[in-house]
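What follows is entry-v3.cif (mmCIF, C-alpha atoms and all ligand atoms).
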data_final
loop_
_atom_site.group_PDB
_atom_site.id
_atom_site.type_symbol
_atom_site.label_atom_id
_atom_site.label_comp_id
_atom_site.auth_asym_id
_atom_site.auth_seq_id
_atom_site.Cartn_x
_atom_site.Cartn_y
_atom_site.Cartn_z
ATOM 1 C CA MET A 459 -95.267 54.757 20.357
ATOM 2 C CA VAL A 460 -93.403 52.713 17.762
ATOM 3 C CA LYS A 461 -95.688 50.464 15.865
ATOM 4 C CA LYS A 462 -94.296 46.948 15.602
ATOM 5 C CA LYS A 463 -93.797 45.868 12.043
ATOM 6 C CA VAL A 464 -95.847 42.805 11.185
ATOM 7 C CA SER A 465 -93.719 40.209 9.442
ATOM 8 C CA ILE A 466 -95.309 38.894 6.319
ATOM 9 C CA ALA A 467 -93.566 36.758 3.765
ATOM 10 C CA PRO A 468 -93.337 38.538 0.416
ATOM 11 C CA THR A 469 -95.646 37.488 -2.367
ATOM 12 C CA SER A 470 -92.924 37.780 -4.981
ATOM 13 C CA LEU A 471 -89.518 36.258 -5.698
ATOM 14 C CA LYS A 472 -87.940 39.697 -5.405
ATOM 15 C CA PHE A 473 -87.856 41.616 -2.153
ATOM 16 C CA LEU A 474 -85.741 44.067 -0.238
ATOM 17 C CA VAL A 475 -83.298 43.019 2.461
ATOM 18 C CA GLN A 476 -84.862 45.566 4.789
ATOM 19 C CA ASP A 477 -88.234 43.874 4.381
ATOM 20 C CA ILE A 478 -86.942 40.615 5.833
ATOM 21 C CA PRO A 479 -87.995 40.569 9.482
ATOM 22 C CA HIS A 480 -85.378 39.964 12.156
ATOM 23 C CA GLU A 481 -86.560 36.389 12.690
ATOM 24 C CA GLY A 482 -86.628 35.649 8.973
ATOM 25 C CA PHE A 483 -89.567 34.085 7.196
ATOM 26 C CA HIS A 484 -90.767 31.019 5.404
ATOM 27 C CA LEU A 485 -91.677 31.444 1.778
ATOM 28 C CA SER A 486 -94.036 29.150 -0.053
ATOM 29 C CA TYR A 487 -94.382 30.114 -3.694
ATOM 30 C CA ASP A 488 -95.439 28.564 -6.980
ATOM 31 C CA VAL A 489 -92.773 29.268 -9.574
ATOM 32 C CA SER A 490 -93.793 29.433 -13.219
ATOM 33 C CA GLN A 491 -91.856 29.060 -16.450
ATOM 34 C CA ASP A 492 -91.980 32.824 -16.922
ATOM 35 C CA ASP A 493 -90.422 33.414 -13.507
ATOM 36 C CA LEU A 494 -87.327 31.445 -14.481
ATOM 37 C CA GLU A 495 -87.023 32.030 -18.240
ATOM 38 C CA LEU A 496 -85.585 28.600 -18.904
ATOM 39 C CA THR A 497 -84.498 27.597 -22.393
ATOM 40 C CA ARG A 498 -85.691 24.404 -24.027
ATOM 41 C CA ASP A 499 -82.443 22.651 -23.076
ATOM 42 C CA ASP A 500 -82.932 23.590 -19.436
ATOM 43 C CA GLY A 501 -86.382 22.026 -19.404
ATOM 44 C CA ARG A 502 -89.910 23.325 -19.351
ATOM 45 C CA ILE A 503 -91.932 23.478 -16.191
ATOM 46 C CA SER A 504 -95.153 21.516 -16.227
ATOM 47 C CA GLY A 505 -97.581 23.818 -14.447
ATOM 48 C CA THR A 506 -95.520 25.287 -11.638
ATOM 49 C CA LEU A 507 -92.658 24.230 -9.390
ATOM 50 C CA HIS A 508 -93.292 24.647 -5.710
ATOM 51 C CA LEU A 509 -90.726 26.615 -3.756
ATOM 52 C CA ASP A 510 -90.527 26.064 -0.020
ATOM 53 C CA CYS A 511 -87.724 27.962 1.622
ATOM 54 C CA ASP A 512 -86.563 29.763 4.714
ATOM 55 C CA VAL A 513 -85.033 33.193 4.416
ATOM 56 C CA HIS A 514 -82.753 34.347 7.237
ATOM 57 C CA HIS A 515 -80.407 37.162 8.006
ATOM 58 C CA SER A 516 -76.826 36.215 8.800
ATOM 59 C CA PRO A 517 -73.735 38.376 9.247
ATOM 60 C CA GLU A 518 -72.543 37.177 5.844
ATOM 61 C CA GLY A 519 -75.703 38.128 4.046
ATOM 62 C CA VAL A 520 -79.186 36.802 3.496
ATOM 63 C CA CYS A 521 -79.274 33.024 3.575
ATOM 64 C CA VAL A 522 -81.925 31.131 1.620
ATOM 65 C CA LYS A 523 -82.459 27.430 2.148
ATOM 66 C CA GLY A 524 -85.185 25.253 0.742
ATOM 67 C CA THR A 525 -86.359 23.085 -2.093
ATOM 68 C CA LEU A 526 -87.958 23.552 -5.472
ATOM 69 C CA SER A 527 -90.114 20.608 -6.470
ATOM 70 C CA GLY A 528 -92.459 19.583 -9.237
ATOM 71 C CA THR A 529 -92.418 18.239 -12.765
ATOM 72 C CA VAL A 530 -90.038 19.331 -15.501
ATOM 73 C CA ILE A 531 -90.558 18.382 -19.146
ATOM 74 C CA ARG A 532 -87.294 17.548 -20.862
ATOM 75 C CA GLU A 533 -86.317 16.593 -24.383
ATOM 76 C CA CYS A 534 -84.615 13.205 -24.790
ATOM 77 C CA VAL A 535 -81.200 13.605 -26.434
ATOM 78 C CA ARG A 536 -81.599 10.312 -28.313
ATOM 79 C CA CYS A 537 -85.162 10.266 -29.659
ATOM 80 C CA LEU A 538 -85.900 14.008 -29.244
ATOM 81 C CA GLY A 539 -89.207 13.100 -27.608
ATOM 82 C CA ASP A 540 -90.517 14.905 -24.536
ATOM 83 C CA TYR A 541 -90.570 13.174 -21.193
ATOM 84 C CA GLN A 542 -91.453 14.234 -17.677
ATOM 85 C CA GLU A 543 -89.120 14.204 -14.728
ATOM 86 C CA LEU A 544 -90.109 14.696 -11.101
ATOM 87 C CA VAL A 545 -87.561 16.972 -9.496
ATOM 88 C CA VAL A 546 -86.727 18.020 -5.961
ATOM 89 C CA ILE A 547 -83.979 20.595 -6.323
ATOM 90 C CA PRO A 548 -82.205 21.673 -3.135
ATOM 91 C CA CYS A 549 -81.794 25.423 -3.123
ATOM 92 C CA LEU A 550 -79.162 26.941 -0.916
ATOM 93 C CA GLY A 551 -77.750 30.349 -1.526
ATOM 94 C CA LEU A 552 -76.360 33.439 0.063
ATOM 95 C CA PHE A 553 -77.253 36.928 -1.084
ATOM 96 C CA GLN A 554 -74.660 39.565 -0.377
ATOM 97 C CA GLY A 555 -74.924 43.297 -0.700
ATOM 98 C CA ASP A 556 -72.097 45.538 -1.853
ATOM 99 C CA GLN A 557 -71.161 46.262 1.739
ATOM 100 C CA THR A 558 -70.977 42.682 2.952
ATOM 101 C CA LYS A 559 -67.567 41.098 3.095
ATOM 102 C CA VAL A 560 -67.005 37.425 3.607
ATOM 103 C CA GLU A 561 -64.587 37.068 6.483
ATOM 104 C CA SER A 562 -65.516 33.836 8.178
ATOM 105 C CA THR A 563 -65.901 30.339 6.823
ATOM 106 C CA THR A 564 -69.232 29.692 8.469
ATOM 107 C CA VAL A 565 -72.521 31.412 8.058
ATOM 108 C CA VAL A 566 -73.571 32.204 11.588
ATOM 109 C CA LEU A 567 -77.175 31.271 11.982
ATOM 110 C CA ASP A 568 -79.458 30.415 14.844
ATOM 111 C CA ASP A 569 -79.768 26.931 16.353
ATOM 112 C CA GLU A 570 -82.316 25.732 13.892
ATOM 113 C CA TRP A 571 -79.956 26.687 11.117
ATOM 114 C CA SER A 572 -76.683 25.592 12.591
ATOM 115 C CA ASP A 573 -76.435 22.778 10.068
ATOM 116 C CA VAL A 574 -75.565 25.196 7.309
ATOM 117 C CA GLY A 575 -71.804 25.477 7.042
ATOM 118 C CA PHE A 576 -70.492 28.175 4.795
ATOM 119 C CA GLU A 577 -68.649 25.549 2.770
ATOM 120 C CA GLN A 578 -72.000 24.022 1.927
ATOM 121 C CA ILE A 579 -73.165 27.201 0.312
ATOM 122 C CA GLU A 580 -71.689 27.071 -3.120
ATOM 123 C CA GLU A 581 -73.704 29.798 -4.668
ATOM 124 C CA ILE A 582 -73.307 33.418 -3.711
ATOM 125 C CA TYR A 583 -75.459 36.014 -5.394
ATOM 126 C CA PRO A 584 -75.050 39.748 -5.373
ATOM 127 C CA CYS A 585 -77.958 41.737 -4.085
ATOM 128 C CA GLN A 586 -77.890 44.931 -5.990
ATOM 129 C CA ASP A 587 -79.559 47.900 -4.332
ATOM 130 C CA GLU A 588 -80.302 45.633 -1.374
ATOM 131 C CA ARG A 589 -82.693 43.552 -3.440
ATOM 132 C CA VAL A 590 -82.878 39.796 -3.084
ATOM 133 C CA GLU A 591 -83.842 38.246 -6.398
ATOM 134 C CA LEU A 592 -84.678 34.640 -5.765
ATOM 135 C CA ASP A 593 -85.569 34.029 -9.407
ATOM 136 C CA ILE A 594 -81.889 34.382 -10.374
ATOM 137 C CA MET A 595 -80.881 31.768 -7.831
ATOM 138 C CA LEU A 596 -83.719 29.391 -8.724
ATOM 139 C CA ARG A 597 -83.014 29.684 -12.421
ATOM 140 C CA GLU A 598 -79.356 28.859 -11.891
ATOM 141 C CA GLN A 599 -80.044 25.943 -9.575
ATOM 142 C CA CYS A 600 -82.624 24.587 -12.029
ATOM 143 C CA ILE A 601 -80.048 24.709 -14.821
ATOM 144 C CA LEU A 602 -77.374 23.104 -12.636
ATOM 145 C CA SER A 603 -79.753 20.254 -11.834
ATOM 146 C CA THR A 604 -80.359 19.487 -15.513
ATOM 147 C CA PRO A 605 -78.811 16.129 -16.371
ATOM 148 C CA ILE A 606 -76.265 16.226 -19.211
ATOM 149 C CA GLN A 607 -77.498 12.926 -20.600
ATOM 150 C CA ARG A 608 -81.228 13.572 -20.743
ATOM 151 C CA LEU A 609 -82.928 10.313 -21.652
ATOM 152 C CA CYS A 610 -86.647 9.500 -21.768
ATOM 153 C CA ARG A 611 -85.651 6.075 -20.436
ATOM 154 C CA SER A 612 -82.283 4.480 -19.851
ATOM 155 C CA ASP A 613 -82.724 2.083 -22.776
ATOM 156 C CA CYS A 614 -84.067 4.643 -25.259
ATOM 157 C CA ARG A 615 -83.261 3.271 -28.708
ATOM 158 C CA GLY A 616 -83.118 6.668 -30.387
ATOM 159 C CA LEU A 617 -83.731 7.605 -33.994
ATOM 160 C CA CYS A 618 -82.468 6.138 -37.235
ATOM 161 C CA GLN A 619 -79.810 8.533 -38.464
ATOM 162 C CA HIS A 620 -80.910 7.985 -42.026
ATOM 163 C CA CYS A 621 -84.703 8.046 -42.100
ATOM 164 C CA GLY A 622 -85.532 9.413 -38.678
ATOM 165 C CA THR A 623 -87.602 6.418 -37.582
ATOM 166 C CA ASN A 624 -88.086 6.349 -33.826
ATOM 167 C CA PHE A 625 -86.730 2.936 -32.833
ATOM 168 C CA ASN A 626 -88.782 2.994 -29.644
ATOM 169 C CA GLN A 627 -91.902 2.823 -31.795
ATOM 170 C CA SER A 628 -90.941 0.986 -34.974
ATOM 171 C CA SER A 629 -88.057 -0.181 -37.125
ATOM 172 C CA CYS A 630 -86.788 0.601 -40.594
ATOM 173 C CA ALA A 631 -84.764 -1.110 -43.296
ATOM 174 C CA CYS A 632 -81.939 1.419 -43.432
ATOM 175 C CA ALA A 633 -79.473 -0.792 -41.590
ATOM 176 C CA ASP A 634 -80.062 -3.631 -44.081
ATOM 177 C CA THR A 635 -79.704 -1.342 -47.053
ATOM 178 C CA MET A 636 -76.543 0.095 -45.590
ATOM 179 C CA ASN A 637 -75.084 -3.361 -45.111
ATOM 180 C CA PHE A 638 -75.664 -4.366 -48.677
ATOM 181 C CA SER A 639 -75.030 -1.155 -50.473
ATOM 182 C CA PRO A 640 -73.616 1.921 -48.861
ATOM 183 C CA MET A 641 -73.996 3.595 -52.234
ATOM 184 C CA VAL A 642 -77.785 3.134 -52.278
ATOM 185 C CA ALA A 643 -78.015 4.458 -48.738
ATOM 186 C CA ALA A 644 -75.971 7.486 -49.649
ATOM 187 C CA LEU A 645 -78.214 8.137 -52.619
ATOM 188 C CA GLN A 646 -81.320 7.805 -50.436
ATOM 189 C CA GLN A 647 -79.837 10.322 -48.064
ATOM 190 C CA LEU A 648 -79.176 12.703 -50.891
ATOM 191 C CA LYS A 649 -82.684 12.255 -52.274
ATOM 192 C CA LYS A 650 -84.134 13.079 -48.892
ATOM 193 C CA LYS A 651 -82.184 16.297 -48.710
ATOM 194 C CA LEU A 652 -83.302 17.453 -52.174
HETATM 195 ZN ZN ZN B 701 -85.755 8.878 -25.901
HETATM 196 ZN ZN ZN B 702 -84.018 4.233 -41.068
#
Take the structure in the file and write it out as structure tokens.
Ligand SMILES: [Zn+2]
Ligand SMILES: [Zn+2]
Amino acid sequence: MVKKKVSIAPTSLKFLVQDIPHEGFHLSYDVSQDDLELTRDDGRISGTLHLDCDVHHSPEGVCVKGTLSGTVIRECVRCLGDYQELVVIPCLGLFQGDQTKVESTTVVLDDEWSDVGFEQIEEIYPCQDERVELDIMLREQCILSTPIQRLCRSDCRGLCQHCGTNFNQSSCACADTMNFSPMVAALQQLKKKL
């Protein structure tokens, strides 16, 4: 008698293709900063980000579709202060083994999944040794979702280029000094550096 394999979602972001049951599975996982190894520019995760995704087999590879949501701490490009951003990052990717060849333009999935056209899947990841490494995909999609102009608020007033005063909090006299005597300002700058 062949014992039927019980399908359990993996408890890690890395798993083997062969461990994905025929019907696929739903994965609910709390992703930490360490899981994604993000740099300061990519943002820091406050606590964890929650991953909710479906993992399915398709003839083109293993298809992963879901969202990564939570709070990311970013550094404002103007005032260099930290601010929090609530994110809901759509995660859609296809993991392909060495053997898989892309021949069609649509990922053939079951009814529930028919909304996923191959053209919608922009990210294709290799699965080396038949291993699906979701952390690689999540890391990349986190980075792609990082805004180029990261601002703590749209009207952030930034820092004084001369004395470093945060204009969101206070003001300084540098602008006045500059207006009257660029020489004095230049000297102040120099003094600061020494
Ligand atoms: Zn700012
Ligand atoms: Zn100043």
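For the structure shown here, the set of residues caught by the PyMOL selection byres (((chain A and resi 477) around 10) and not hetatm) is Lys463, Ser465, Ile466, Ala467, Pro468, Phe473, Leu474, Val475, Gln476, Ile478, Pro479, His480, Gly482, Glu588 and Arg589 of chain A.
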Q: Run the PyMOL selection byres (((chain A and resi 504-508) around 10) and not hetatm) mentally over the shown coordinates, then write out the matched residues as a list of chain:residue names, using the chain letters and numbers from the document.
A: A:Ser486, A:Tyr487, A:Asp488, A:Val489, A:Ser490, A:Gln491, A:Asp492, A:Asp493, A:Gly501, A:Arg502, A:Ile503, A:Leu509, A:Asp510, A:Cys511, A:Thr525, A:Leu526, A:Ser527, A:Gly528, A:Thr529, A:Val530, A:Ile531, A:Arg532, A:Gln542, A:Glu543, A:Leu544, A:Val545, A:Val546, A:Ile547
**Q.** Close residues to ligand ZN 701 (chain B) using all atoms listed in the file, limit 6 Å, as a ChimeraX atom specification
**A.** /A:534,536-537,539,609-610,614,616
Surroundings of ligand ZN 702 (chain B) up to 8 Å, based on all atoms listed in the file, as a CSV table (one decimal) with C-alpha atoms, in the frame of the given file:
chain,number,residue,atom,x,y,z
A,617,LEU,CA,-83.7,7.6,-34.0
A,618,CYS,CA,-82.5,6.1,-37.2
A,619,GLN,CA,-79.8,8.5,-38.5
A,620,HIS,CA,-80.9,8.0,-42.0
A,621,CYS,CA,-84.7,8.0,-42.1
A,622,GLY,CA,-85.5,9.4,-38.7
A,623,THR,CA,-87.6,6.4,-37.6
A,629,SER,CA,-88.1,-0.2,-37.1
A,630,CYS,CA,-86.8,0.6,-40.6
A,631,ALA,CA,-84.8,-1.1,-43.3
A,632,CYS,CA,-81.9,1.4,-43.4
A,633,ALA,CA,-79.5,-0.8,-41.6
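Rounded to one decimal, atom CA of Leu550 of chain A and atom CA of Asp499 of chain A lie 22.8 Å from each other.
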Q: Would you list the contacts of Val590 of chain A as an MDAnalysis selection string, taking every protein, DNA or RNA residue within 12 Å and counting all atoms listed in the file, but skipping same-chain residues closer than 3 positions in sequence?
A: chainID A and resid 468 470:478 513:515 519:522 551:555 582:587 593:596
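Straight-line separation from atom CA of Asn624 of chain A to atom CA of Val535 of chain A: 12.4 Å.
The interatomic distance for the pair atom CA of Ser628 of chain A and atom CA of Thr604 of chain A works out to 28.9 Å.
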Please produce segment 486-497 of chain A, completed to all heavy atoms, as a short mmCIF file (atom, residue, chain, number, x, y, z; two decimals), keeping the file's coordinate frame.
data_model
loop_
_atom_site.label_atom_id
_atom_site.label_comp_id
_atom_site.auth_asym_id
_atom_site.auth_seq_id
_atom_site.Cartn_x
_atom_site.Cartn_y
_atom_site.Cartn_z
N SER A 486 -93.42 30.22 0.70
CA SER A 486 -94.04 29.15 -0.05
C SER A 486 -94.57 29.81 -1.32
O SER A 486 -95.39 30.72 -1.25
CB SER A 486 -95.18 28.57 0.79
OG SER A 486 -95.70 27.43 0.18
N TYR A 487 -94.07 29.37 -2.48
CA TYR A 487 -94.38 30.11 -3.69
C TYR A 487 -94.41 29.17 -4.89
O TYR A 487 -93.58 28.27 -4.99
CB TYR A 487 -93.30 31.19 -3.89
CG TYR A 487 -93.56 32.17 -5.01
CD1 TYR A 487 -94.26 33.36 -4.76
CD2 TYR A 487 -93.11 31.93 -6.30
CE1 TYR A 487 -94.49 34.27 -5.78
CE2 TYR A 487 -93.35 32.83 -7.33
CZ TYR A 487 -94.04 34.01 -7.06
OH TYR A 487 -94.27 34.90 -8.07
N ASP A 488 -95.37 29.37 -5.77
CA ASP A 488 -95.44 28.56 -6.98
C ASP A 488 -94.71 29.28 -8.10
O ASP A 488 -95.10 30.37 -8.51
CB ASP A 488 -96.89 28.29 -7.37
CG ASP A 488 -97.52 27.27 -6.43
OD1 ASP A 488 -96.80 26.34 -6.00
OD2 ASP A 488 -98.72 27.40 -6.10
N VAL A 489 -93.65 28.66 -8.58
CA VAL A 489 -92.77 29.27 -9.57
C VAL A 489 -93.18 28.81 -10.97
O VAL A 489 -93.31 27.62 -11.23
CB VAL A 489 -91.30 28.86 -9.30
CG1 VAL A 489 -90.36 29.49 -10.31
CG2 VAL A 489 -90.91 29.25 -7.88
N SER A 490 -93.37 29.78 -11.86
CA SER A 490 -93.79 29.43 -13.22
C SER A 490 -92.62 29.49 -14.20
O SER A 490 -91.54 29.97 -13.87
CB SER A 490 -94.88 30.40 -13.68
OG SER A 490 -94.29 31.67 -13.92
N GLN A 491 -92.86 29.02 -15.38
CA GLN A 491 -91.86 29.06 -16.45
C GLN A 491 -91.38 30.49 -16.68
O GLN A 491 -90.20 30.75 -16.84
CB GLN A 491 -92.49 28.50 -17.74
CG GLN A 491 -91.58 28.44 -18.93
CD GLN A 491 -90.65 27.23 -18.90
OE1 GLN A 491 -90.96 26.21 -18.30
NE2 GLN A 491 -89.52 27.35 -19.54
N ASP A 492 -92.32 31.42 -16.68
CA ASP A 492 -91.98 32.82 -16.92
C ASP A 492 -91.07 33.39 -15.84
O ASP A 492 -90.22 34.23 -16.11
CB ASP A 492 -93.25 33.68 -17.00
CG ASP A 492 -94.00 33.40 -18.30
OD1 ASP A 492 -93.41 32.78 -19.21
OD2 ASP A 492 -95.18 33.80 -18.39
N ASP A 493 -91.25 32.93 -14.61
CA ASP A 493 -90.42 33.41 -13.51
C ASP A 493 -88.96 33.08 -13.75
O ASP A 493 -88.06 33.83 -13.39
CB ASP A 493 -90.83 32.77 -12.17
CG ASP A 493 -92.15 33.33 -11.64
OD1 ASP A 493 -92.40 34.53 -11.84
OD2 ASP A 493 -92.92 32.56 -11.03
N LEU A 494 -88.71 31.92 -14.36
CA LEU A 494 -87.33 31.44 -14.48
C LEU A 494 -86.72 31.60 -15.86
O LEU A 494 -85.51 31.47 -16.01
CB LEU A 494 -87.24 29.97 -14.06
CG LEU A 494 -87.70 29.65 -12.63
CD1 LEU A 494 -87.34 28.22 -12.28
CD2 LEU A 494 -87.06 30.60 -11.63
N GLU A 495 -87.53 31.84 -16.88
CA GLU A 495 -87.02 32.03 -18.24
C GLU A 495 -86.03 30.94 -18.64
O GLU A 495 -84.90 31.22 -19.04
CB GLU A 495 -86.35 33.40 -18.36
CG GLU A 495 -87.31 34.55 -18.17
CD GLU A 495 -86.58 35.89 -18.07
OE1 GLU A 495 -85.41 35.96 -18.44
OE2 GLU A 495 -87.21 36.86 -17.61
N LEU A 496 -86.46 29.71 -18.54
CA LEU A 496 -85.58 28.60 -18.90
C LEU A 496 -85.63 28.37 -20.41
O LEU A 496 -86.66 28.60 -21.04
CB LEU A 496 -86.04 27.32 -18.19
CG LEU A 496 -85.95 27.33 -16.67
CD1 LEU A 496 -86.61 26.09 -16.10
CD2 LEU A 496 -84.51 27.41 -16.21
N THR A 497 -84.51 27.92 -20.97
CA THR A 497 -84.50 27.60 -22.39
C THR A 497 -84.99 26.16 -22.54
O THR A 497 -85.13 25.43 -21.56
CB THR A 497 -83.08 27.69 -22.98
OG1 THR A 497 -82.30 26.65 -22.40
CG2 THR A 497 -82.45 29.03 -22.70
#
